[in-house]
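Novice: Dropping the structure in here first, questions after.
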Amino acid sequence: MTNIDQHFEAYSTWRQELFKAVGDFRGWLQSQELADVQVDQRLDQVLSTLRDDKLYVAFVAEFSRGKSELINAIFFAAFGQRVLPSSAGRTTMCPTELMYEKGSAPCIRLLPIETRASGTGVTELRGFAEEWTTIPLDIESSDNVAQALQHIAEIKKVSKETAQTLGLHIAEEETQNGMHLTEDGKVEVPRWRHAIINFPHPLLDQGLVILDTPGLNALGTEPELTLSLLPSAHAVLFILAADTGVTKSDIQVWHDFIANPKHGANKGRIAVLNKIDGLWDELKTDDAVKAEIERQVKETARHLNIDPHNVYPVSAQKALLGKIKGDKKVLERSRILELEDALGKEMIPHKRDIVRDNVSGDMADIIKAMRLLIMQRLKGVYEHIEELGSLNGKNSDVIDHMMNKVRVDKEHFEKSLMRFQATRSIFSQQTNVLYTHLNLKNLDTLIAATKKDMEVSLTTAGLKSCMTNFFKQSQSTMDEVAKQAQEIKELMEGVYQKFQEEHGLSNVKPKAFSVMKYSRELKRLEEKHMHMLSGMSLVMTEQKTVIRKFFDSAVGKVRAIYAMTNRDADNWLKTIMSPMESQVREHQIQLRRRLESIKRIHKASDTLEDRMKELEHVREGIREQEKALENLVEKITRILSYESQEDAGFGGIEQSA
Ligand SMILES: Nc1nc2c(ncn2[C@@H]2O[C@H](COP(=O)(O)OP(=O)(O)OP(=O)(O)O)[C@@H](O)[C@H]2O)c(=O)[nH]1
Ligand SMILES: [Mg+2]
């Protein structure tokens with residue numbers, strides 16, 4: 001087992017334990033008939049996120065720094081040879097994801113570069129199998145695999161016009177970023193836009209997804225990569241090479257795609273100084289070589305403006321060799337194990353935090369609702385017992401009177417219930433307004449209008465104002481959403497409070513819906529694009545490029561933000577409505593029961609004593625439920641709070657099991 005395997009395994013075990021604990025909890029709620037449909041659905045969601053949980057690690061660098069080789073060394077040495085093609089010059093031509101979907105045959109899926117013309121994003125195209133070229137992989141034959149994976153490196157020649165319609169930037173000079181012109185005036189472009197390799201591998205099987213990227217020129221062309229895949233990756237490795245040092249374009253990649261000045265710590269971001277074997281020198285002492293490596297590490301850290309401890313010097317090539325040949329000495333000297341350890345330490349806790357936050361939030365709501373429900377039932381039984389107790393030795397007039405009282409209570413409650421139903425219709429009107437703000441059709445109208453305006457703008461200032469306007473409108477939608485959500489919340493608060501005052505229902509405070517997350521994301525996007533624009537001098541030929549870039553990246557991302565807001569609003573609306581509904585339902589059942597009890601005693605079909613015994617029995621049952629609930633909750637909480645044990649090494653799992 002390598003270091004990375006150990007970290008991963010600890011995480012997988014944790015996730016499985018959590019999955020089981022939540023599953024048990026759900027099963028128990030069902031057996032006790034405590035869960036309503038919404039609670040059950042939410043638990044189902046929690047379980048499926050835990051089951052389909054993916055962990056993304058991305059490798060980013062200028063071309064030829066050794067990304068693919070490093071992936072081979074860290075993850076695929078057990079295969080006995082190079083899996084990903086790695087060679088001098090540009091090799092990986094398209095972003096390549098390595099993953100494993102259980103049950104589907106090993107294969108490589110390739111998305112033709114021509115699909116760029118339609119303007120449809122890769123994410124969307126994932127769902128359309130016919131758009132992809134699929135090549136089966138015979139993983140028993142390493143030659144077959146190596147050959148099939150060569151497709152990732154394929155290029156093709158197209159005319160300049162074609163390259164332009166594909167939105168590929170053509171470099172005027174050899175030193176520039178972009179696609180290069182060949183002697184016959186054509187342009188060399190990648191043959192594929194994206195590759196997905198389905199490869200059976202223990203880590204991939206546990207949900208790891210590895211993303212290999214091509215060098216800078218291709219990085220910039222797929223906005224989804226830079227705006228969604230990279231920012232959401234749990235770890236990003238940035239690779240530099242000792243033989244080239246830190247070049248200008250390395251720094252550009254670092255700043256544009258990885259460094260995150262706002263978060264200072266750059267959580268999950270690791271810098272790697274590769275090819276240190278180039279510094280190995282038989283004529284120098286080990287110490288002298290070490291000192292030279294340290295010097296380069298410091299130099300690299302200075303250029304990237306990070307702590308030297310965060311730069312890991314390795315030799316990917318020697319690591320792969322050492323692992324394949326079982327040569328411990330070479331492996332040690334490659335220093336890959338330190339990097340693997342760091343990767344595990346960075347990525348796993350980061351990932352665990354994310355999972356924990358998501359699951360904790362959902363579980364806290366559900367647990368709170370279940371506790372409330374049990375408490376309410378218990379309170380109802382106690383009241384019922386007390387009420388019956390007061391009937392002891394009373395004549396039938398008193399019982400009659402009591403029955404009337406309960407009947408009045410019930411009628412009064414039913415009136416409130418009718419009012420509640422009326423509020424429901426206001427509630428649904430209000431939620432419709434909320435959804436209208438977030439309607440993607442409205443956004444599409446705005447997008448179309450912005451595009452039109454941009455196309456007739458002839459100056460940078462003109463384009464800038466179109467973009468500003470686009471973001472302003474999107475922001476103002478979020479403001480409207482916030483206002484509307486606040487109104488809904490106040491409406492619900494009123495309803496809750498009234499029920500509490502009039503019928504003694506528990507005081508549940510509905511949660512607020514915050515749009516801050518989305519607003520901030522919009523702001524960030526705006527800044528990014530304004531920055532991009534200010535770096536351009538607008539020659540007319542570039543206007544198209546600016547518009548294209550803007551629509552490729554910003555617009556898609558804004559759409560995604562809207563979709564996310566829609567989904568979150570959906571969930572929020574459910575959570576504010578459902579505790580109320582279950583409390584009301586519960587209260588209604590209790591009133592009915594009380595009335596029934598007194599009626600029976602009145603008619604002498606039940607004795608008071610029998611009735612009391614029965615109630616005490618019910619009370620004990622609820623007490624048992626309470627205990628069982630707390631046990632299950634305790635278990636989930638214990639697993640969720642697994643933390644900082646990483647520092648103490650592995651074994652945390654055993655302790656908590
Ligand atoms: N000496 C030495 N060479 C290495 C090392 N790692 C990679 N290389 C070589 O560097 C070249 C580029 O490696 P790749 O793995 O293709 O680099 P890449 O970053 O994936 O490059 P692109 O796919 O073009 O973006 C290949 O010839 C590798 O053999 C290393 O640790 N030491
Ligand atoms: Mg590569």
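Letters A, B, ... go to the chains of the structure tokens in the order shown; residues in each chain start at 1; ligands are counted from 1 in the same order.
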Determine which residues of region 57-184 of chain A receive a DSSP assignment of alpha helix (DSSP H), computed from the backbone, and state them as a count of residues only.

Specialist: 27

Novice: If you run DSSP on this backbone, which residues of region 72-319 of chain A come out as strand (DSSP E or B), and could you give them as a ChimeraX atom specification?

Specialist: /A:96-99,107-112,133-136,155-158,170,179,181,187-190,192-198,208-212,235-241,245,269-274,311-313

Novice: What's the 7 Å shell around Asn198 (chain A), counting only C-alpha atoms, without same-chain residues fewer than 4 positions away, as a list in words?

Specialist: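 Returned residues: Leu98, Met99, Tyr100, Glu101, Pro106, Cys107 and Ile108 of chain A.
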
Novice: Using all heavy atoms, can you write the selected residues to a file as a PDB file, in the first residue's frame?

Specialist:
ATOM      1  N   LEU A  98      -9.820  10.571 -15.406  1.00  0.00           N
ATOM      2  CA  LEU A  98      -9.714   9.143 -15.129  1.00  0.00           C
ATOM      3  C   LEU A  98     -10.653   8.821 -13.997  1.00  0.00           C
ATOM      4  O   LEU A  98     -10.576   9.435 -12.924  1.00  0.00           O
ATOM      5  CB  LEU A  98      -8.283   8.800 -14.718  1.00  0.00           C
ATOM      6  CG  LEU A  98      -7.242   8.882 -15.830  1.00  0.00           C
ATOM      7  CD1 LEU A  98      -6.054   9.679 -15.377  1.00  0.00           C
ATOM      8  CD2 LEU A  98      -6.830   7.487 -16.252  1.00  0.00           C
ATOM      9  N   MET A  99     -11.546   7.889 -14.223  1.00  0.00           N
ATOM     10  CA  MET A  99     -12.498   7.529 -13.169  1.00  0.00           C
ATOM     11  C   MET A  99     -12.917   6.080 -13.368  1.00  0.00           C
ATOM     12  O   MET A  99     -12.506   5.446 -14.324  1.00  0.00           O
ATOM     13  CB  MET A  99     -13.713   8.440 -13.238  1.00  0.00           C
ATOM     14  CG  MET A  99     -14.381   8.462 -14.597  1.00  0.00           C
ATOM     15  SD  MET A  99     -16.008   9.180 -14.515  1.00  0.00           S
ATOM     16  CE  MET A  99     -15.654  10.892 -14.295  1.00  0.00           C
ATOM     17  N   TYR A 100     -13.699   5.585 -12.430  1.00  0.00           N
ATOM     18  CA  TYR A 100     -14.226   4.245 -12.669  1.00  0.00           C
ATOM     19  C   TYR A 100     -15.680   4.159 -12.246  1.00  0.00           C
ATOM     20  O   TYR A 100     -16.029   4.487 -11.120  1.00  0.00           O
ATOM     21  CB  TYR A 100     -13.397   3.181 -11.938  1.00  0.00           C
ATOM     22  CG  TYR A 100     -13.879   1.782 -12.262  1.00  0.00           C
ATOM     23  CD1 TYR A 100     -13.983   1.375 -13.589  1.00  0.00           C
ATOM     24  CD2 TYR A 100     -14.252   0.900 -11.271  1.00  0.00           C
ATOM     25  CE1 TYR A 100     -14.437   0.101 -13.911  1.00  0.00           C
ATOM     26  CE2 TYR A 100     -14.707  -0.385 -11.593  1.00  0.00           C
ATOM     27  CZ  TYR A 100     -14.802  -0.763 -12.918  1.00  0.00           C
ATOM     28  OH  TYR A 100     -15.261  -2.015 -13.240  1.00  0.00           O
ATOM     29  N   GLU A 101     -16.472   3.750 -13.205  1.00  0.00           N
ATOM     30  CA  GLU A 101     -17.878   3.547 -12.912  1.00  0.00           C
ATOM     31  C   GLU A 101     -18.103   2.054 -12.847  1.00  0.00           C
ATOM     32  O   GLU A 101     -17.979   1.360 -13.858  1.00  0.00           O
ATOM     33  CB  GLU A 101     -18.721   4.120 -14.043  1.00  0.00           C
ATOM     34  CG  GLU A 101     -19.563   5.295 -13.636  1.00  0.00           C
ATOM     35  CD  GLU A 101     -20.235   5.865 -14.862  1.00  0.00           C
ATOM     36  OE1 GLU A 101     -21.248   5.289 -15.278  1.00  0.00           O
ATOM     37  OE2 GLU A 101     -19.705   6.852 -15.415  1.00  0.00           O
ATOM     38  N   PRO A 106     -14.440  -1.144 -19.124  1.00  0.00           N
ATOM     39  CA  PRO A 106     -13.320  -0.214 -19.278  1.00  0.00           C
ATOM     40  C   PRO A 106     -13.308   0.353 -20.697  1.00  0.00           C
ATOM     41  O   PRO A 106     -13.462  -0.404 -21.656  1.00  0.00           O
ATOM     42  CB  PRO A 106     -12.085  -1.082 -19.053  1.00  0.00           C
ATOM     43  CG  PRO A 106     -12.567  -2.268 -18.295  1.00  0.00           C
ATOM     44  CD  PRO A 106     -13.989  -2.476 -18.696  1.00  0.00           C
ATOM     45  N   CYS A 107     -13.153   1.655 -20.799  1.00  0.00           N
ATOM     46  CA  CYS A 107     -13.150   2.250 -22.134  1.00  0.00           C
ATOM     47  C   CYS A 107     -12.576   3.652 -22.060  1.00  0.00           C
ATOM     48  O   CYS A 107     -12.356   4.192 -20.978  1.00  0.00           O
ATOM     49  CB  CYS A 107     -14.568   2.322 -22.696  1.00  0.00           C
ATOM     50  SG  CYS A 107     -15.614   3.463 -21.787  1.00  0.00           S
ATOM     51  N   ILE A 108     -12.335   4.201 -23.227  1.00  0.00           N
ATOM     52  CA  ILE A 108     -11.993   5.611 -23.272  1.00  0.00           C
ATOM     53  C   ILE A 108     -13.028   6.312 -24.146  1.00  0.00           C
ATOM     54  O   ILE A 108     -13.322   5.856 -25.252  1.00  0.00           O
ATOM     55  CB  ILE A 108     -10.536   5.849 -23.743  1.00  0.00           C
ATOM     56  CG1 ILE A 108     -10.289   7.336 -24.019  1.00  0.00           C
ATOM     57  CG2 ILE A 108     -10.169   5.027 -24.955  1.00  0.00           C
ATOM     58  CD1 ILE A 108      -8.830   7.676 -24.175  1.00  0.00           C
TER      59      ILE A 108
END

Novice: Using only C-alpha atoms and all ligand atoms, find each residue of chain A with at least one atom at most 9 Å away from an atom of ligand 2; report its shortest atom-to-atom pair and that distance in Å (one decimal), sort the rows by chain and rising residue number, and return the result as a tab-separated table.

Specialist:
residue	atom	partner	partner_atom_place_in_ligand_line	distance
A:Phe63	CA	ligand 2	1 (Mg)	7.0
A:Ser64	CA	ligand 2	1 (Mg)	6.7
A:Arg65	CA	ligand 2	1 (Mg)	8.1
A:Gly66	CA	ligand 2	1 (Mg)	6.6
A:Lys67	CA	ligand 2	1 (Mg)	5.4
A:Ser68	CA	ligand 2	1 (Mg)	4.2
A:Glu69	CA	ligand 2	1 (Mg)	7.1
A:Leu84	CA	ligand 2	1 (Mg)	7.5
A:Pro85	CA	ligand 2	1 (Mg)	6.7
A:Ser86	CA	ligand 2	1 (Mg)	5.6
A:Ser87	CA	ligand 2	1 (Mg)	7.7
A:Arg90	CA	ligand 2	1 (Mg)	7.3
A:Thr91	CA	ligand 2	1 (Mg)	5.1
A:Thr92	CA	ligand 2	1 (Mg)	4.0
A:Met93	CA	ligand 2	1 (Mg)	7.6
A:Cys94	CA	ligand 2	1 (Mg)	9.0
A:Ile152	CA	ligand 2	1 (Mg)	8.9
A:Ala153	CA	ligand 2	1 (Mg)	8.3
A:Asp212	CA	ligand 2	1 (Mg)	6.8
A:Thr213	CA	ligand 2	1 (Mg)	6.8
A:Pro214	CA	ligand 2	1 (Mg)	6.0
A:Gly215	CA	ligand 2	1 (Mg)	7.8

Novice: In terms of the shortest atom-to-atom distance over only C-alpha atoms and all ligand atoms, which of A:Ser315, A:Asn571, A:Thr162, A:Thr134 is closest to ligand 1?

Specialist: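 For ligand 1, the nearest of the candidates is A:Ser315.
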
Novice: Would you pick out the contacts of Val515 (chain A) at 7 Å or less, using only C-alpha atoms, so that residues sharing its chain but fewer than 4 positions from it are not included, and give the list as an MDAnalysis selection string?

Specialist: chainID A and resid 478 482 519

Novice: Export all heavy atoms of the chosen residues as a PDB file, in the first residue's frame?

Specialist:
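Output saved as out.pdb:
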ATOM      1  N   MET A 478     -30.872  38.463  -7.827  1.00  0.00           N
ATOM      2  CA  MET A 478     -30.564  37.861  -6.529  1.00  0.00           C
ATOM      3  C   MET A 478     -31.147  38.709  -5.397  1.00  0.00           C
ATOM      4  O   MET A 478     -31.656  38.178  -4.414  1.00  0.00           O
ATOM      5  CB  MET A 478     -29.052  37.712  -6.341  1.00  0.00           C
ATOM      6  CG  MET A 478     -28.453  36.633  -7.196  1.00  0.00           C
ATOM      7  SD  MET A 478     -29.198  35.013  -6.859  1.00  0.00           S
ATOM      8  CE  MET A 478     -28.781  34.114  -8.334  1.00  0.00           C
ATOM      9  N   ALA A 482     -33.798  37.526  -2.620  1.00  0.00           N
ATOM     10  CA  ALA A 482     -33.588  37.679  -1.178  1.00  0.00           C
ATOM     11  C   ALA A 482     -34.806  38.332  -0.531  1.00  0.00           C
ATOM     12  O   ALA A 482     -35.285  37.895   0.524  1.00  0.00           O
ATOM     13  CB  ALA A 482     -32.343  38.521  -0.928  1.00  0.00           C
ATOM     14  N   SER A 519     -24.528  35.721  -4.805  1.00  0.00           N
ATOM     15  CA  SER A 519     -24.145  37.092  -5.114  1.00  0.00           C
ATOM     16  C   SER A 519     -22.631  37.211  -5.169  1.00  0.00           C
ATOM     17  O   SER A 519     -22.072  37.846  -6.058  1.00  0.00           O
ATOM     18  CB  SER A 519     -24.639  38.053  -4.033  1.00  0.00           C
ATOM     19  OG  SER A 519     -25.998  38.264  -4.184  1.00  0.00           O
TER      20      SER A 519
END

Novice: Write out as a VMD selection string which residues come within 10 Å of region 542-559 of chain A when counting only C-alpha atoms, dropping same-chain ones fewer than 4 positions away.

Specialist: chain A and resid 116 119 to 121 164 167 to 169 220 to 228 440 443 to 444 447 450 to 451 454 to 460 463 467 470 to 471 474 518 521 to 522 525 to 526 528 to 529 532 to 533 536 to 538 563 to 565

Novice: Here is a test: counting only C-alpha atoms and all ligand atoms, which residue of A:Trp280, A:Tyr642, A:Tyr496, A:Phe199 is nearest to ligand 1?

Specialist: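 Residue with the minimum atom-to-atom distance to ligand 1: A:Trp280.
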
Novice: Tell me which protein, DNA and RNA residues are within 9 Å of Thr423 (chain A), counting only C-alpha atoms, leaving out same-chain ones fewer than 5 positions away, and put them as a PyMOL selection string.

Specialist: chain A and resi 418+428+491-492+495

Novice: Grab the residues selected above and save them as a compact mmCIF listing (two decimals), in the first residue's frame with N, CA and C atoms.

Specialist:
# COMPACT_ATOMS: atom_id res chain seq x y z
N MET A 418 -58.01 25.69 9.00
CA MET A 418 -58.54 26.26 7.76
C MET A 418 -57.79 27.53 7.40
N SER A 428 -48.02 29.51 -1.61
CA SER A 428 -47.64 29.03 -2.94
C SER A 428 -47.61 30.16 -3.96
N LEU A 491 -43.96 35.43 6.56
CA LEU A 491 -45.29 34.84 6.48
C LEU A 491 -45.35 33.56 7.32
N MET A 492 -44.37 32.72 7.12
CA MET A 492 -44.34 31.46 7.85
C MET A 492 -44.15 31.67 9.35
N VAL A 495 -47.43 32.40 10.89
CA VAL A 495 -48.25 31.20 11.02
C VAL A 495 -47.78 30.35 12.20

Novice: Fewer than 2 positions away in the same chain doesn't count, so skip those; otherwise give me all residues within 10 Å of Arg619 (chain A), counting only C-alpha atoms, as a list in words.

Specialist: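 Residues meeting the cut-off are Arg377, Leu378, Lys379, Gly380, Val381, Tyr382, Ile385, Lys613, Glu614, Leu615, Glu616, His617, Gly621, Ile622, Arg623, Glu624 and Gln625 of chain A.
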
Novice: Provide the CA of Gly326 (chain A) to CA of Asn3 (chain A) distance in Å, to one decimal place.

Specialist: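 Computing the Euclidean distance for CA of Gly326 (chain A) and CA of Asn3 (chain A) yields 15.6 Å.
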
Novice: What is the CA of Arg335 (chain A)-atom 4 (C, counted along the ligand's line) of ligand 1 distance in Å, reported with one decimal?

Specialist: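 Here the two named atoms are 14.0 Å from each other.
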
Novice: Closest to ligand 1 among A:His531, A:Arg352, A:Arg333, A:Arg371, using only C-alpha atoms and all ligand atoms?

Specialist: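 Using only C-alpha atoms and all ligand atoms, ligand 1 sits closest to A:Arg333.
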
Novice: Tell me which of A:Ile276, A:Ile399, A:Val37, A:Leu373 sits closest to ligand 1, counting only C-alpha atoms and all ligand atoms.

Specialist: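 Selected residue with least distance to ligand 1: A:Ile276.
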
Novice: Grab the CA of Met530 (chain A) to CA of Gln252 (chain A) distance for me, in Å with one decimal place.

Specialist: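 Between CA of Met530 (chain A) and CA of Gln252 (chain A) the gap is 17.3 Å.
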
Novice: Given the choices A:Val314, A:Ile170, A:Val433, A:Leu55, which gets closest to ligand 1 if the distance is worked out from only C-alpha atoms and all ligand atoms?

Specialist: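 For ligand 1, the nearest of the given residues is A:Val314.
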
Novice: Closest to ligand 1 among A:Lys318, A:Lys54, A:Lys323, A:His151, using only C-alpha atoms and all ligand atoms?

Specialist: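 Closest to ligand 1, using only C-alpha atoms and all ligand atoms: A:Lys318.
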